[in-house]
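Q: Could you have a look at this structure, given as structure tokens, before my questions?
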Amino acid sequence: MTETNDIEVNGISPSAKMLAEVEEGIGWITFNNPARRNAVSMEMWQALAKILNHYQQDSTVRVIIIKGAGEKAFVAGADISEFDKKRSNQQQRDEYEGVFDQAQTALAEFDKPLIAMIQGFCIGGGLAVAVNTDIRIATDDSVFGIPAARLGLGYGYASIKTLVSLVGPSHAKDILFSARFLNTEEALRIGLVNFVVSREHLAKTVLDYANTLVANAPLTIKACKAAISEVVKDSGQDSPEYVDKLVNDCFLSEDYKEGREAFMEKRKPVFRGK
């Protein structure tokens, strides 16, 4: 796994607590703070946005997998030890929220598939990351929650809208009002995660799923992701004409020709995103 400072030439800021690696079409992002259950510092939020922006520009990357280092947590929330120095007054709060919003925007606007590989704690800021991915695969002993109501913190519109779009307003209210933790069975039932597996099968399941997406037509996946994003937007803010353009790009692509030819020749297609 490559630390972000090892690829600084590509525009990614150095941070030993955020790791990045590209392997066979898959871009890996690892929250690397296992001593604090991968709690996210302000520096880590900054690095996450820059890694995502780099992967957005890298045509060799088809899919992103996001995970936490160690076995205890995906991400156990924001690093509360920073709050007194970085979130204790209005100016600090505005600066911190600006960095956090950049990371969340980078996740929300990323046009390639994002997969969250979850084991252990997925709490607070960790759940904010997870709900902004496209597919969430979790171990059967994972734990989910947003404890903001225990800390006196507010949760912004964008984060709550994303949560509501996944689980609906009733479950979102329960999660936010009670600040309780949910087990994986309940998370699966309400739509917070897509798949649940044992710890021993997590890595293989995630990698197999990612490789399935790598082999599929990237322009088609991009168009589908864009269409779904537009569908869940507030009325009047959607842009169906943008989706129409992406769909038309698919029909005009070399990949569409390759898909037809591969079907007729009874072979596996090789898509190039062109």
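Each chain of the structure tokens is named A, B, ... in the order shown, its residues numbered from 1; ligands are numbered from 1 in display order.
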Quick check for you: according to DSSP on this backbone, which residues of stretch 33-256 of chain A are classed as strand (DSSP E)? Reply as an mmCIF file with N, CA and C atoms, in the first residue's frame.
A:
```
data_model
loop_
_atom_site.group_PDB
_atom_site.id
_atom_site.type_symbol
_atom_site.label_atom_id
_atom_site.label_comp_id
_atom_site.auth_asym_id
_atom_site.auth_seq_id
_atom_site.Cartn_x
_atom_site.Cartn_y
_atom_site.Cartn_z
ATOM 1 N N VAL A 63 -12.823 1.388 -10.374
ATOM 2 C CA VAL A 63 -13.603 1.205 -9.149
ATOM 3 C C VAL A 63 -12.740 1.612 -7.959
ATOM 4 N N ILE A 64 -13.384 2.142 -6.907
ATOM 5 C CA ILE A 64 -12.677 2.492 -5.680
ATOM 6 C C ILE A 64 -13.187 1.617 -4.535
ATOM 7 N N ILE A 65 -12.265 1.099 -3.738
ATOM 8 C CA ILE A 65 -12.616 0.401 -2.501
ATOM 9 C C ILE A 65 -12.066 1.209 -1.336
ATOM 10 N N ILE A 66 -12.941 1.544 -0.392
ATOM 11 C CA ILE A 66 -12.551 2.297 0.795
ATOM 12 C C ILE A 66 -12.639 1.382 2.010
ATOM 13 N N LYS A 67 -11.581 1.361 2.821
ATOM 14 C CA LYS A 67 -11.571 0.491 3.993
ATOM 15 C C LYS A 67 -10.819 1.153 5.134
ATOM 16 N N GLY A 68 -10.874 0.526 6.306
ATOM 17 C CA GLY A 68 -10.119 0.984 7.460
ATOM 18 C C GLY A 68 -9.005 0.012 7.777
ATOM 19 N N ALA A 73 -12.192 -1.421 13.138
ATOM 20 C CA ALA A 73 -13.096 -0.385 12.649
ATOM 21 C C ALA A 73 -12.888 -0.086 11.174
ATOM 22 N N PHE A 74 -13.974 0.265 10.517
ATOM 23 C CA PHE A 74 -13.927 0.954 9.230
ATOM 24 C C PHE A 74 -13.460 2.381 9.538
ATOM 25 N N VAL A 75 -14.312 3.147 10.158
ATOM 26 C CA VAL A 75 -13.959 4.454 10.731
ATOM 27 C C VAL A 75 -14.883 4.675 11.922
ATOM 28 N N LEU A 114 -18.000 3.492 -6.008
ATOM 29 C CA LEU A 114 -17.318 3.504 -4.722
ATOM 30 C C LEU A 114 -17.870 2.365 -3.866
ATOM 31 N N ILE A 115 -16.984 1.541 -3.348
ATOM 32 C CA ILE A 115 -17.379 0.420 -2.500
ATOM 33 C C ILE A 115 -16.798 0.623 -1.103
ATOM 34 N N ALA A 116 -17.634 0.533 -0.080
ATOM 35 C CA ALA A 116 -17.163 0.589 1.301
ATOM 36 C C ALA A 116 -17.000 -0.832 1.818
ATOM 37 N N MET A 117 -15.809 -1.155 2.269
ATOM 38 C CA MET A 117 -15.479 -2.463 2.829
ATOM 39 C C MET A 117 -15.459 -2.300 4.351
ATOM 40 N N ILE A 118 -16.539 -2.708 5.006
ATOM 41 C CA ILE A 118 -16.774 -2.349 6.398
ATOM 42 C C ILE A 118 -16.614 -3.540 7.328
ATOM 43 N N PHE A 121 -16.440 -0.992 13.730
ATOM 44 C CA PHE A 121 -17.179 0.248 13.951
ATOM 45 C C PHE A 121 -17.258 1.109 12.687
ATOM 46 N N CYS A 122 -18.474 1.540 12.369
ATOM 47 C CA CYS A 122 -18.729 2.479 11.279
ATOM 48 C C CYS A 122 -19.638 3.553 11.877
ATOM 49 N N ILE A 123 -19.009 4.535 12.501
ATOM 50 C CA ILE A 123 -19.721 5.455 13.383
ATOM 51 C C ILE A 123 -19.493 6.905 12.947
ATOM 52 N N ILE A 135 -21.901 1.130 -2.903
ATOM 53 C CA ILE A 135 -22.155 -0.224 -2.423
ATOM 54 C C ILE A 135 -21.445 -0.386 -1.080
ATOM 55 N N ARG A 136 -22.173 -0.899 -0.088
ATOM 56 C CA ARG A 136 -21.605 -1.113 1.244
ATOM 57 C C ARG A 136 -21.668 -2.598 1.581
ATOM 58 N N ILE A 137 -20.492 -3.187 1.766
ATOM 59 C CA ILE A 137 -20.396 -4.608 2.113
ATOM 60 C C ILE A 137 -19.787 -4.691 3.506
ATOM 61 N N ALA A 138 -20.509 -5.305 4.440
ATOM 62 C CA ALA A 138 -20.102 -5.268 5.845
ATOM 63 C C ALA A 138 -20.015 -6.661 6.442
ATOM 64 N N THR A 139 -19.172 -6.796 7.445
ATOM 65 C CA THR A 139 -19.105 -8.052 8.189
ATOM 66 C C THR A 139 -20.305 -8.160 9.124
ATOM 67 N N VAL A 143 -20.834 -2.495 13.434
ATOM 68 C CA VAL A 143 -21.697 -1.655 14.259
ATOM 69 C C VAL A 143 -21.819 -0.285 13.601
ATOM 70 N N PHE A 144 -23.053 0.252 13.561
ATOM 71 C CA PHE A 144 -23.320 1.503 12.869
ATOM 72 C C PHE A 144 -24.028 2.489 13.792
ATOM 73 N N GLY A 145 -23.761 3.775 13.598
ATOM 74 C CA GLY A 145 -24.461 4.769 14.393
ATOM 75 C C GLY A 145 -23.947 6.171 14.147
ATOM 76 N N LEU A 182 -26.557 0.396 15.746
ATOM 77 C CA LEU A 182 -27.290 -0.641 15.035
ATOM 78 C C LEU A 182 -26.347 -1.786 14.700
ATOM 79 N N ASN A 183 -26.841 -3.017 14.816
ATOM 80 C CA ASN A 183 -26.028 -4.146 14.367
ATOM 81 C C ASN A 183 -26.205 -4.335 12.864
ATOM 82 N N PHE A 195 -24.756 -5.759 1.444
ATOM 83 C CA PHE A 195 -24.446 -7.171 1.644
ATOM 84 C C PHE A 195 -23.777 -7.369 3.002
ATOM 85 N N VAL A 196 -24.010 -8.529 3.589
ATOM 86 C CA VAL A 196 -23.390 -8.891 4.866
ATOM 87 C C VAL A 196 -22.683 -10.232 4.702
ATOM 88 N N VAL A 197 -21.430 -10.292 5.144
ATOM 89 C CA VAL A 197 -20.648 -11.520 5.049
ATOM 90 C C VAL A 197 -19.862 -11.701 6.342
#
```
Q: Using only C-alpha atoms, which protein or nucleic acid residues come within 9 Å of A:Gly70? Drop anything in the same chain fewer than 6 positions from it, and give the result as a ChimeraX atom specification.
A: /A:32-35,37-38
Q: A:Glu109: which residues within 12 Å, counting only C-alpha atoms, same-chain residues fewer than 2 positions away excluded, as a PyMOL selection string?
A: chain A and resi 49+52-53+56+101-107+111-114+132-134+222+225-226+229-230
Q: Give me, as a PDB file with C-alpha atoms, in the first residue's frame, all polymer residues having an atom no more than 10 Å from A:Arg272, counting only C-alpha atoms and skipping those fewer than 3 positions away in the same chain.
A:
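Final output, out03.pdb:
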```pdb
ATOM      1  CA  SER A  59      -8.396   6.589 -16.472  1.00  0.00           C
ATOM      2  CA  THR A  60      -6.846   3.307 -15.313  1.00  0.00           C
ATOM      3  CA  ARG A  62     -12.453   1.857 -12.728  1.00  0.00           C
ATOM      4  CA  ALA A 215     -15.008  -5.916 -16.243  1.00  0.00           C
ATOM      5  CA  ASN A 216     -18.273  -4.120 -17.047  1.00  0.00           C
ATOM      6  CA  ALA A 217     -18.650  -1.145 -19.381  1.00  0.00           C
ATOM      7  CA  PRO A 218     -17.451   1.977 -17.497  1.00  0.00           C
ATOM      8  CA  LEU A 219     -19.469   4.411 -19.621  1.00  0.00           C
ATOM      9  CA  SER A 253     -18.934   4.384 -27.939  1.00  0.00           C
ATOM     10  CA  GLU A 254     -16.470   1.756 -29.056  1.00  0.00           C
ATOM     11  CA  ASP A 255     -17.519  -0.196 -25.958  1.00  0.00           C
ATOM     12  CA  GLU A 258     -17.366  -4.327 -28.519  1.00  0.00           C
ATOM     13  CA  PRO A 269     -16.107  -8.336 -23.833  1.00  0.00           C
TER      14      PRO A 269
END
```
Q: Please provide as JSON, numbers by chain all residues within 8 Å of stretch 149-153 of chain A, with the sequence filter that same-chain residues fewer than 5 positions apart are discarded (counting only C-alpha atoms).
A: {"A": [176, 177, 178, 179]}
Q: Mind listing the helix (DSSP H, G or I) residues of stretch 91-200 of chain A, per DSSP on the backbone, as a CSV table (one decimal) with C-alpha atoms, in the first residue's frame?
A:
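Saved result, out.csv, follows:
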```
chain,number,residue,atom,x,y,z
A,91,GLN,CA,-14.1,30.4,13.0
A,92,GLN,CA,-12.6,27.0,13.7
A,93,ARG,CA,-16.0,25.4,13.0
A,94,ASP,CA,-16.3,27.1,9.7
A,95,GLU,CA,-12.8,26.0,8.6
A,96,TYR,CA,-13.3,22.4,9.8
A,97,GLU,CA,-16.7,22.2,8.1
A,98,GLY,CA,-15.2,23.5,4.9
A,99,VAL,CA,-12.6,20.8,4.8
A,100,PHE,CA,-15.3,18.1,5.7
A,101,ASP,CA,-17.6,19.4,3.1
A,102,GLN,CA,-14.9,19.2,0.4
A,103,ALA,CA,-14.4,15.5,1.3
A,104,GLN,CA,-18.1,14.8,1.3
A,105,THR,CA,-18.5,16.6,-2.0
A,106,ALA,CA,-15.7,14.7,-3.6
A,107,LEU,CA,-17.4,11.4,-2.5
A,108,ALA,CA,-20.9,12.5,-3.6
A,125,GLY,CA,-18.0,10.5,10.2
A,126,GLY,CA,-17.3,6.9,9.2
A,127,LEU,CA,-21.0,6.4,8.5
A,128,ALA,CA,-21.0,9.7,6.6
A,129,VAL,CA,-18.3,8.3,4.4
A,130,ALA,CA,-20.1,5.0,3.9
A,131,VAL,CA,-23.5,6.4,3.0
A,148,ALA,CA,-24.1,13.5,17.4
A,149,ALA,CA,-27.0,13.8,19.9
A,150,ARG,CA,-24.6,12.6,22.6
A,151,LEU,CA,-22.0,15.3,21.8
A,157,TYR,CA,-28.4,19.2,5.3
A,158,ALA,CA,-26.3,17.3,2.8
A,159,SER,CA,-25.3,14.5,5.2
A,160,ILE,CA,-28.9,14.0,6.4
A,161,LYS,CA,-30.3,14.1,2.9
A,162,THR,CA,-28.0,11.3,1.9
A,163,LEU,CA,-29.0,9.2,4.9
A,164,VAL,CA,-32.7,9.8,4.3
A,165,SER,CA,-32.3,8.8,0.6
A,166,LEU,CA,-30.9,5.4,1.8
A,167,VAL,CA,-33.1,4.5,4.8
A,168,GLY,CA,-36.1,6.9,4.6
A,169,PRO,CA,-37.1,9.6,7.0
A,170,SER,CA,-38.4,7.4,9.8
A,171,HIS,CA,-35.2,5.3,10.2
A,172,ALA,CA,-33.1,8.4,9.8
A,173,LYS,CA,-34.9,10.1,12.7
A,174,ASP,CA,-34.4,7.0,14.8
A,175,ILE,CA,-30.7,6.9,14.1
A,176,LEU,CA,-30.1,10.6,14.7
A,177,PHE,CA,-32.5,11.2,17.6
A,178,SER,CA,-31.6,8.1,19.7
A,184,THR,CA,-25.5,-5.4,10.8
A,185,GLU,CA,-28.7,-7.3,10.7
A,186,GLU,CA,-30.7,-4.2,11.3
A,187,ALA,CA,-28.5,-2.1,9.0
A,188,LEU,CA,-29.2,-4.6,6.2
A,189,ARG,CA,-32.9,-4.6,6.9
A,199,ARG,CA,-15.0,-11.6,8.4
A,200,GLU,CA,-13.2,-14.5,6.7
```
Q: Which of these residues is nearest to A:Leu213, using only C-alpha atoms: A:Ser81, A:Ile146, A:Val61, A:Phe263?
A: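 When distances to A:Leu213 are compared using only C-alpha atoms, the smallest one comes from A:Val61.
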Q: How many Å lie between atom CA of A:Lys17 and atom CA of A:Arg180, rounded to one decimal?
A: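 Atom CA of A:Arg180 lies at a distance of 27.9 Å from atom CA of A:Lys17.
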Q: Taking into account only C-alpha atoms, which residue in the set A:Gly259, A:Gly124, A:Gly27, A:Gly273 is nearest to A:Gly154?
A: A:Gly124
